[in-house]
$ cat protein11.pdb   # PDB, C-alpha atoms
ATOM      1  CA  MET A 749     -28.288   0.052   5.239
ATOM      2  CA  ASN A 750     -31.503  -1.485   6.497
ATOM      3  CA  ASP A 751     -31.617  -1.899  10.312
ATOM      4  CA  SER A 752     -32.812  -5.483   9.848
ATOM      5  CA  ASN A 753     -29.291  -6.240   8.550
ATOM      6  CA  ILE A 754     -27.553  -4.886  11.644
ATOM      7  CA  ALA A 755     -26.827  -6.757  14.864
ATOM      8  CA  THR A 756     -28.783  -5.533  17.899
ATOM      9  CA  PHE A 757     -26.384  -6.177  20.797
ATOM     10  CA  THR A 758     -25.011  -3.392  22.975
ATOM     11  CA  CYS A 759     -22.416  -5.687  24.511
ATOM     12  CA  MET A 760     -20.710  -8.480  22.571
ATOM     13  CA  ASP A 761     -21.503 -10.948  25.355
ATOM     14  CA  ASP A 762     -25.204 -10.400  24.610
ATOM     15  CA  GLY A 763     -24.966 -11.102  20.865
ATOM     16  CA  THR A 764     -27.277 -13.840  19.616
ATOM     17  CA  ALA A 765     -26.625 -16.289  16.795
ATOM     18  CA  GLU A 766     -28.830 -14.083  14.589
ATOM     19  CA  ASP A 767     -26.794 -10.996  15.567
ATOM     20  CA  TRP A 768     -23.582 -12.713  14.552
ATOM     21  CA  ARG A 769     -25.079 -13.972  11.295
ATOM     22  CA  ARG A 770     -26.028 -10.376  10.445
ATOM     23  CA  PHE A 771     -22.656  -9.064  11.578
ATOM     24  CA  TYR A 772     -20.701 -11.436   9.344
ATOM     25  CA  ALA A 773     -23.051 -10.908   6.390
ATOM     26  CA  VAL A 774     -22.360  -7.174   6.525
ATOM     27  CA  LYS A 775     -18.623  -7.825   6.897
ATOM     28  CA  GLN A 776     -18.775  -9.797   3.638
ATOM     29  CA  VAL A 777     -20.338  -6.794   1.904
ATOM     30  CA  GLY A 778     -17.483  -4.706   3.292
ATOM     31  CA  ARG A 779     -14.949  -7.185   1.936
ATOM     32  CA  GLU A 780     -16.506  -6.899  -1.521
ATOM     33  CA  GLN A 781     -16.127  -3.110  -1.309
ATOM     34  CA  LEU A 782     -12.485  -3.283  -0.192
ATOM     35  CA  PRO A 783     -10.829  -2.837  -3.614
ATOM     36  CA  GLY A 784     -12.810   0.361  -4.168
ATOM     37  CA  ARG A 785     -11.964   1.631  -0.684
ATOM     38  CA  LEU A 786      -8.247   1.002  -1.247
ATOM     39  CA  LEU A 787      -8.358   2.849  -4.565
ATOM     40  CA  SER A 788     -10.277   5.697  -2.932
ATOM     41  CA  MET A 789      -7.643   5.933  -0.199
ATOM     42  CA  LEU A 790      -4.937   6.118  -2.840
ATOM     43  CA  GLY A 791      -6.794   8.993  -4.488
ATOM     44  CA  GLN A 792      -6.581  10.942  -1.227
ATOM     45  CA  LEU A 793      -2.813  11.212  -1.732
ATOM     46  CA  GLU A 794      -3.544  13.646  -4.576
ATOM     47  CA  ASP A 795      -4.470  16.385  -2.084
ATOM     48  CA  LYS A 796      -1.802  15.655   0.528
ATOM     49  CA  PRO A 797       1.071  18.153   0.354
ATOM     50  CA  ASP A 798       4.521  16.587   0.571
ATOM     51  CA  GLY A 799       6.986  18.898  -1.225
ATOM     52  CA  SER A 800       7.906  16.426  -3.979
ATOM     53  CA  PRO A 801       7.901  17.391  -7.668
ATOM     54  CA  ILE A 802       4.671  15.380  -8.035
ATOM     55  CA  ASN A 803       1.991  14.526  -5.477
ATOM     56  CA  GLY A 804       1.821  11.166  -3.715
ATOM     57  CA  TYR A 805      -1.007   9.958  -5.931
ATOM     58  CA  ALA A 806       0.978  10.562  -9.125
ATOM     59  CA  HIS A 807       4.079   9.072  -7.466
ATOM     60  CA  SER A 808       2.120   5.928  -6.587
ATOM     61  CA  LEU A 809       0.769   5.585 -10.123
ATOM     62  CA  GLN A 810       4.219   6.208 -11.554
ATOM     63  CA  THR A 811       5.867   3.653  -9.264
ATOM     64  CA  ALA A 812       3.265   1.048 -10.227
ATOM     65  CA  THR A 813       3.540   1.933 -13.921
ATOM     66  CA  LEU A 814       7.314   1.464 -13.798
ATOM     67  CA  ALA A 815       6.864  -1.936 -12.154
ATOM     68  CA  TYR A 816       4.187  -2.911 -14.677
ATOM     69  CA  ARG A 817       6.331  -1.864 -17.652
ATOM     70  CA  ASP A 818       9.194  -3.863 -16.167
ATOM     71  CA  ASP A 819       6.948  -6.971 -16.332
ATOM     72  CA  ALA A 820       6.877  -7.288 -12.551
ATOM     73  CA  ASP A 821       4.388  -9.790 -11.139
ATOM     74  CA  ASP A 822       0.957  -8.624  -9.971
ATOM     75  CA  GLU A 823       1.932  -8.567  -6.309
ATOM     76  CA  THR A 824       4.926  -6.317  -6.995
ATOM     77  CA  VAL A 825       2.795  -3.921  -9.058
ATOM     78  CA  PHE A 826       0.181  -3.908  -6.267
ATOM     79  CA  MET A 827       2.916  -3.231  -3.710
ATOM     80  CA  ALA A 828       4.304  -0.422  -5.873
ATOM     81  CA  LEU A 829       0.855   1.139  -6.191
ATOM     82  CA  PHE A 830       0.185   1.176  -2.441
ATOM     83  CA  HIS A 831       3.686   1.380  -0.916
ATOM     84  CA  ASP A 832       3.103   4.940   0.349
ATOM     85  CA  ILE A 833      -0.558   4.613   1.406
ATOM     86  CA  GLY A 834       0.570   5.014   5.032
ATOM     87  CA  GLN A 835       1.376   8.670   4.334
ATOM     88  CA  LEU A 836      -2.315   9.350   4.848
ATOM     89  CA  LEU A 837      -1.890   8.504   8.537
ATOM     90  CA  SER A 838       1.756   9.105   9.409
ATOM     91  CA  GLU A 839       4.531  11.293   8.030
ATOM     92  CA  GLU A 840       7.416   9.830  10.010
ATOM     93  CA  ASN A 841       6.270   6.213  10.085
ATOM     94  CA  HIS A 842       4.516   5.849   6.737
ATOM     95  CA  ALA A 843       6.402   2.728   5.655
ATOM     96  CA  ALA A 844       5.366   0.745   8.746
ATOM     97  CA  VAL A 845       1.761   1.943   8.403
ATOM     98  CA  SER A 846       1.742   1.016   4.705
ATOM     99  CA  ALA A 847       3.162  -2.410   5.550
ATOM    100  CA  ALA A 848       0.469  -2.993   8.180
ATOM    101  CA  VAL A 849      -2.311  -2.082   5.723
ATOM    102  CA  LEU A 850      -0.862  -4.261   2.956
ATOM    103  CA  LYS A 851       0.232  -7.254   5.054
ATOM    104  CA  PRO A 852      -2.825  -9.437   4.269
ATOM    105  CA  TYR A 853      -2.108  -9.120   0.543
ATOM    106  CA  LEU A 854       1.663  -9.508   0.378
ATOM    107  CA  CYS A 855       4.117 -12.348   0.733
ATOM    108  CA  GLU A 856       6.643 -12.040   3.542
ATOM    109  CA  LYS A 857       9.347 -10.636   1.208
ATOM    110  CA  ASN A 858       7.159  -7.867  -0.227
ATOM    111  CA  HIS A 859       5.804  -7.001   3.206
ATOM    112  CA  TRP A 860       9.409  -6.564   4.377
ATOM    113  CA  VAL A 861      10.179  -4.385   1.347
ATOM    114  CA  VAL A 862       7.263  -2.040   2.064
ATOM    115  CA  LYS A 863       8.079  -1.892   5.772
ATOM    116  CA  HIS A 864      11.706  -0.886   5.129
ATOM    117  CA  HIS A 865      11.533   1.064   1.872
ATOM    118  CA  ALA A 866      11.750   4.489   3.551
ATOM    119  CA  VAL A 867      15.151   3.657   5.064
ATOM    120  CA  PHE A 868      16.390   2.144   1.805
ATOM    121  CA  GLN A 869      15.136   5.144  -0.160
ATOM    122  CA  MET A 870      17.517   7.376   1.821
ATOM    123  CA  TYR A 871      20.367   5.780  -0.130
ATOM    124  CA  HIS A 872      19.186   7.811  -3.116
ATOM    125  CA  TYR A 873      18.729  11.186  -1.408
ATOM    126  CA  GLY A 874      20.165  11.062   2.097
ATOM    127  CA  ALA A 875      23.545  12.640   1.373
ATOM    128  CA  ALA A 876      21.948  15.648  -0.364
ATOM    129  CA  ALA A 877      19.379  16.017   2.438
ATOM    130  CA  GLY A 878      21.922  15.781   5.254
ATOM    131  CA  LEU A 879      20.741  12.304   6.285
ATOM    132  CA  ASP A 880      22.579   9.009   6.545
ATOM    133  CA  HIS A 881      22.415   7.694   2.997
ATOM    134  CA  ASN A 882      23.837   4.389   4.202
ATOM    135  CA  ALA A 883      21.173   3.797   6.867
ATOM    136  CA  ARG A 884      20.047   0.722   4.935
ATOM    137  CA  GLU A 885      23.333  -0.959   5.870
ATOM    138  CA  LEU A 886      21.746  -1.749   9.240
ATOM    139  CA  TYR A 887      19.785  -4.387   7.317
ATOM    140  CA  ARG A 888      22.679  -5.815   5.288
ATOM    141  CA  GLY A 889      22.500  -9.579   5.658
ATOM    142  CA  GLU A 890      18.709  -9.652   5.899
ATOM    143  CA  PRO A 891      17.205 -12.066   3.353
ATOM    144  CA  HIS A 892      15.205  -9.331   1.605
ATOM    145  CA  PHE A 893      17.863  -6.605   1.608
ATOM    146  CA  GLN A 894      18.489  -6.824  -2.137
ATOM    147  CA  ALA A 895      14.780  -6.993  -2.990
ATOM    148  CA  CYS A 896      14.204  -3.739  -1.107
ATOM    149  CA  ALA A 897      17.272  -2.088  -2.647
ATOM    150  CA  ASP A 898      16.062  -3.147  -6.108
ATOM    151  CA  PHE A 899      12.503  -1.889  -5.508
ATOM    152  CA  CYS A 900      13.812   1.517  -4.479
ATOM    153  CA  GLU A 901      16.352   1.696  -7.315
ATOM    154  CA  LYS A 902      14.127   0.516 -10.161
ATOM    155  CA  TYR A 903      10.765   1.959  -9.168
ATOM    156  CA  ASP A 904      10.381   4.149  -6.082
ATOM    157  CA  GLN A 905      13.269   6.611  -6.446
ATOM    158  CA  ARG A 906      12.646   7.002 -10.198
ATOM    159  CA  ALA A 907       8.951   7.891  -9.846
ATOM    160  CA  PHE A 908       9.009  11.689  -9.534
ATOM    161  CA  ASP A 909       8.905  12.698 -13.210
ATOM    162  CA  ARG A 910       6.254  15.317 -14.056
ATOM    163  CA  ASN A 911       6.453  14.368 -17.746
ATOM    164  CA  PHE A 912       6.034  10.621 -17.257
ATOM    165  CA  ASN A 913       2.997   8.987 -18.850
ATOM    166  CA  ASN A 914       1.434   7.168 -15.871
ATOM    167  CA  LYS A 915      -1.120   4.440 -16.335
ATOM    168  CA  PRO A 916      -4.427   5.759 -14.922
ATOM    169  CA  LEU A 917      -5.828   4.434 -11.671
ATOM    170  CA  GLU A 918      -8.603   2.623 -13.548
ATOM    171  CA  PHE A 919      -5.950   0.564 -15.335
ATOM    172  CA  PHE A 920      -4.870  -0.916 -11.994
ATOM    173  CA  ALA A 921      -8.389  -1.538 -10.628
ATOM    174  CA  PRO A 922      -8.678  -5.134 -11.966
ATOM    175  CA  LEU A 923      -5.272  -5.970 -10.494
ATOM    176  CA  VAL A 924      -6.330  -4.567  -7.108
ATOM    177  CA  GLU A 925      -9.515  -6.646  -7.256
ATOM    178  CA  ARG A 926      -7.483  -9.796  -8.043
ATOM    179  CA  MET A 927      -4.973  -9.163  -5.269
ATOM    180  CA  VAL A 928      -7.633  -8.553  -2.619
ATOM    181  CA  ASN A 929      -9.572 -11.645  -3.698
ATOM    182  CA  ILE A 930      -6.476 -13.870  -3.691
ATOM    183  CA  HIS A 931      -6.133 -13.170   0.037
ATOM    184  CA  PRO A 932      -9.741 -13.107   1.309
ATOM    185  CA  ALA A 933      -9.068 -13.414   5.057
ATOM    186  CA  ASP A 934      -8.924 -10.251   7.191
TER     187      ASP A 934
END
$ encode --input "protein11.pdb" --output "C-alpha cells"
Amino acid sequence: MNDSNIATFTCMDDGTAEDWRRFYAVKQVGREQLPGRLLSMLGQLEDKPDGSPINGYAHSLQTATLAYRDDADDETVFMALFHDIGQLLSEENHAAVSAAVLKPYLCEKNHWVVKHHAVFQMYHYGAAAGLDHNARELYRGEPHFQACADFCEKYDQRAFDRNFNNKPLEFFAPLVERMVNIHPAD
C-alpha cells in the first residue's frame, strides 16, 4: 500500500481530517476484501487437528452443503459454513468466538444458535463421551432452543461423513459475498 494512503498520526488525538479520510478509505478497501478473508480463515481449519473423522474445513463444507440441500435460507447456509470458525482461536470456547465473529451478519436467532451449538451438540455425543448429554436442557424455554436443536440434529451432528460429496468452497463464495454486503456496518 502506498504511504500516501495511510494516516500519519502517532496519537489519535493528533489525527487531521485528511488522516481520517485516508483511514476510512483504507477501511473500505478492507471491507471489500472481507469475504475473501473469511473464506481464507475457513480454509485454515483444514490443517487444524481435532480428532474427528474429517477435518474442520470438510466438516464446515459438509454442514453448509447439508443446509443448502435442505433448501435453508442464505443466512442459515452462511451460519452452517462458519459455525466452527472460532476453533481457530479457542478449543474450549469456540462457539462463543464463532458467534462473536459472525454477529454482524446474523439475525438474533442465528447468532444465538451459533453461540450455543456446542452445548446442544453434546446431546448427540455426550453420553458416549462421558459428558452430560442433556446439558442443553439448561436452555429449555429459551425462544431459540428448538432452532439450535434442529441445527445440530439436521446439519452439524450429521456432517462427519468421509464419503459425503461436499459442495466446494468456491460454490459458497457468492453467498458469502452477499451475506457480508447485506450487513455492511462493522
$ atom_distance --input "protein11.pdb" --atom1 "CA of Cys900 (chain A)" --atom2 "CA of Lys915 (chain A)"
19.3 Å
$ closest_residue --input "protein11.pdb" --among "A:Tyr887, A:Phe919, A:Phe912, A:Phe757" --to "Ala806 (chain A)" --atoms "all atoms listed in the file"
A:Phe912
$ residues_near_point --input "protein11.pdb" --point "(-2.1, 3.0, 2.4)" --cutoff "7 Å" --atoms "only C-alpha atoms" --output "ChimeraX atom specification"
/A:789-790,830-836,846,849
$ closest_residue --input "protein11.pdb" --among "A:Met870, A:Ala907, A:Asp822, A:Ala765" --to "Pro922 (chain A)" --atoms "all atoms listed in the file"
A:Asp822
$ closest_residue --input "protein11.pdb" --among "A:Leu879, A:Leu854, A:Ala848, A:Leu809" --to "Phe920 (chain A)" --atoms "all atoms listed in the file"
A:Leu809
$ resolve_selection --input "protein11.pdb" --expression "the PyMOL selection byres ((chain A and resi 843) around 7)" --output "list in words"
Asp832, Gly834, Asn841, His842, Ala844, Val845, Ser846, Ala847, Val862, Lys863, His864, His865 and Ala866 of chain A
$ atom_distance --input "protein11.pdb" --atom1 "CA of Asp898 (chain A)" --atom2 "CA of Leu793 (chain A)"
24.1 Å
$ atom_distance --input "protein11.pdb" --atom1 "CA of His881 (chain A)" --atom2 "CA of Cys896 (chain A)"
14.7 Å
$ residues_around --input "protein11.pdb" --residues "region 796-801 of chain A" --least-positions-apart "2" --cutoff "7 Å" --atoms "all atoms listed in the file" --output "MDAnalysis selection string"
chainID A and resid 792:794 803 908 910
$ closest_residue --input "protein11.pdb" --among "A:Ile930, A:Ala877, A:Leu829, A:Val777" --to "Ala815 (chain A)" --atoms "all atoms listed in the file"
A:Leu829
$ residues_around --input "protein11.pdb" --residues "Phe771 (chain A)" --least-positions-apart "2" --cutoff "8 Å" --atoms "all atoms listed in the file" --output "JSON, numbers by chain"
{"A": [753, 754, 755, 767, 768, 769, 773, 774, 775]}
$ closest_residue --input "protein11.pdb" --among "A:Ala876, A:Met760, A:Ala812, A:Leu786" --to "Pro916 (chain A)" --atoms "all atoms listed in the file"
A:Ala812
$ axis_aligned_box --input "protein11.pdb" --around "region 810-821 of chain A" --padding-each-side "8 Å" --output "lines of an AutoDock Vina configuration file"
center_x = 6.2
center_y = -1.8
center_z = -13.5
size_x = 21.9
size_y = 32.0
size_z = 24.4
$ residues_around --input "protein11.pdb" --residues "Phe826 (chain A)" --least-positions-apart "6" --cutoff "8 Å" --atoms "all atoms listed in the file" --output "PDB file with C-alpha atoms, in the coordinates of the input"
ATOM      1  CA  ALA A 812       3.265   1.048 -10.227  1.00  0.00           C
ATOM      2  CA  LEU A 923      -5.272  -5.970 -10.494  1.00  0.00           C
ATOM      3  CA  VAL A 924      -6.330  -4.567  -7.108  1.00  0.00           C
ATOM      4  CA  MET A 927      -4.973  -9.163  -5.269  1.00  0.00           C
TER       5      MET A 927
END
$ resolve_selection --input "protein11.pdb" --expression "the PyMOL selection byres ((chain A and resi 780) around 12)" --output "PDB file with C-alpha atoms, in the frame of the given file"
ATOM      1  CA  ALA A 773     -23.051 -10.908   6.390  1.00  0.00           C
ATOM      2  CA  VAL A 774     -22.360  -7.174   6.525  1.00  0.00           C
ATOM      3  CA  LYS A 775     -18.623  -7.825   6.897  1.00  0.00           C
ATOM      4  CA  GLN A 776     -18.775  -9.797   3.638  1.00  0.00           C
ATOM      5  CA  VAL A 777     -20.338  -6.794   1.904  1.00  0.00           C
ATOM      6  CA  GLY A 778     -17.483  -4.706   3.292  1.00  0.00           C
ATOM      7  CA  ARG A 779     -14.949  -7.185   1.936  1.00  0.00           C
ATOM      8  CA  GLN A 781     -16.127  -3.110  -1.309  1.00  0.00           C
ATOM      9  CA  LEU A 782     -12.485  -3.283  -0.192  1.00  0.00           C
ATOM     10  CA  PRO A 783     -10.829  -2.837  -3.614  1.00  0.00           C
ATOM     11  CA  GLY A 784     -12.810   0.361  -4.168  1.00  0.00           C
ATOM     12  CA  ARG A 785     -11.964   1.631  -0.684  1.00  0.00           C
ATOM     13  CA  LEU A 786      -8.247   1.002  -1.247  1.00  0.00           C
ATOM     14  CA  VAL A 924      -6.330  -4.567  -7.108  1.00  0.00           C
ATOM     15  CA  GLU A 925      -9.515  -6.646  -7.256  1.00  0.00           C
ATOM     16  CA  ARG A 926      -7.483  -9.796  -8.043  1.00  0.00           C
ATOM     17  CA  VAL A 928      -7.633  -8.553  -2.619  1.00  0.00           C
ATOM     18  CA  ASN A 929      -9.572 -11.645  -3.698  1.00  0.00           C
ATOM     19  CA  PRO A 932      -9.741 -13.107   1.309  1.00  0.00           C
ATOM     20  CA  ALA A 933      -9.068 -13.414   5.057  1.00  0.00           C
TER      21      ALA A 933
END
$ decode --input "protein11.pdb" --residues "region 847-910 of chain A" --atoms "C-alpha atoms" --output "CSV table (one decimal), in the first residue's frame"
chain,number,residue,atom,x,y,z
A,847,ALA,CA,-20.7,-16.2,17.4
A,848,ALA,CA,-18.7,-13.0,18.0
A,849,VAL,CA,-17.1,-13.2,14.6
A,850,LEU,CA,-20.5,-13.8,12.9
A,851,LYS,CA,-22.7,-11.5,14.9
A,852,PRO,CA,-22.7,-8.6,12.3
A,853,TYR,CA,-24.0,-11.0,9.7
A,854,LEU,CA,-26.7,-13.0,11.6
A,855,CYS,CA,-30.1,-12.3,12.9
A,856,GLU,CA,-30.5,-12.6,16.7
A,857,LYS,CA,-31.9,-16.2,16.4
A,858,ASN,CA,-29.0,-17.5,14.3
A,859,HIS,CA,-26.4,-15.7,16.5
A,860,TRP,CA,-27.9,-17.5,19.5
A,861,VAL,CA,-27.8,-20.8,17.6
A,862,VAL,CA,-24.1,-20.4,16.8
A,863,LYS,CA,-23.3,-19.2,20.4
A,864,HIS,CA,-24.9,-22.3,22.0
A,865,HIS,CA,-24.4,-25.0,19.4
A,866,ALA,CA,-21.5,-26.7,21.2
A,867,VAL,CA,-23.7,-27.3,24.3
A,868,PHE,CA,-26.6,-28.6,22.1
A,869,GLN,CA,-24.3,-30.8,20.1
A,870,MET,CA,-23.4,-32.7,23.3
A,871,TYR,CA,-27.0,-34.2,23.1
A,872,HIS,CA,-25.7,-36.3,20.2
A,873,TYR,CA,-22.4,-37.5,21.7
A,874,GLY,CA,-22.3,-36.6,25.4
A,875,ALA,CA,-23.4,-39.9,26.8
A,876,ALA,CA,-20.8,-41.9,24.8
A,877,ALA,CA,-18.1,-39.3,25.7
A,878,GLY,CA,-18.9,-39.3,29.4
A,879,LEU,CA,-20.4,-35.8,29.3
A,880,ASP,CA,-23.8,-34.5,30.2
A,881,HIS,CA,-25.8,-35.2,27.0
A,882,ASN,CA,-28.7,-33.2,28.5
A,883,ALA,CA,-26.7,-30.0,29.1
A,884,ARG,CA,-28.9,-28.2,26.6
A,885,GLU,CA,-31.8,-28.5,29.0
A,886,LEU,CA,-30.4,-25.5,30.8
A,887,TYR,CA,-31.7,-23.5,27.9
A,888,ARG,CA,-35.1,-25.2,27.6
A,889,GLY,CA,-37.7,-22.3,27.5
A,890,GLU,CA,-35.3,-20.0,25.6
A,891,PRO,CA,-37.0,-18.7,22.4
A,892,HIS,CA,-34.3,-20.2,20.1
A,893,PHE,CA,-34.0,-23.6,21.9
A,894,GLN,CA,-35.7,-25.6,19.1
A,895,ALA,CA,-33.8,-23.7,16.3
A,896,CYS,CA,-30.5,-24.7,17.9
A,897,ALA,CA,-31.6,-28.3,18.5
A,898,ASP,CA,-32.8,-28.5,14.8
A,899,PHE,CA,-29.5,-27.0,13.5
A,900,CYS,CA,-27.5,-29.6,15.4
A,901,GLU,CA,-29.8,-32.5,14.5
A,902,LYS,CA,-30.2,-31.8,10.8
A,903,TYR,CA,-26.8,-30.4,9.9
A,904,ASP,CA,-24.0,-30.2,12.5
A,905,GLN,CA,-24.0,-33.6,14.0
A,906,ARG,CA,-24.5,-35.3,10.6
A,907,ALA,CA,-21.5,-33.6,9.0
A,908,PHE,CA,-18.7,-36.1,9.7
A,909,ASP,CA,-19.1,-38.4,6.7
A,910,ARG,CA,-15.8,-39.1,4.8
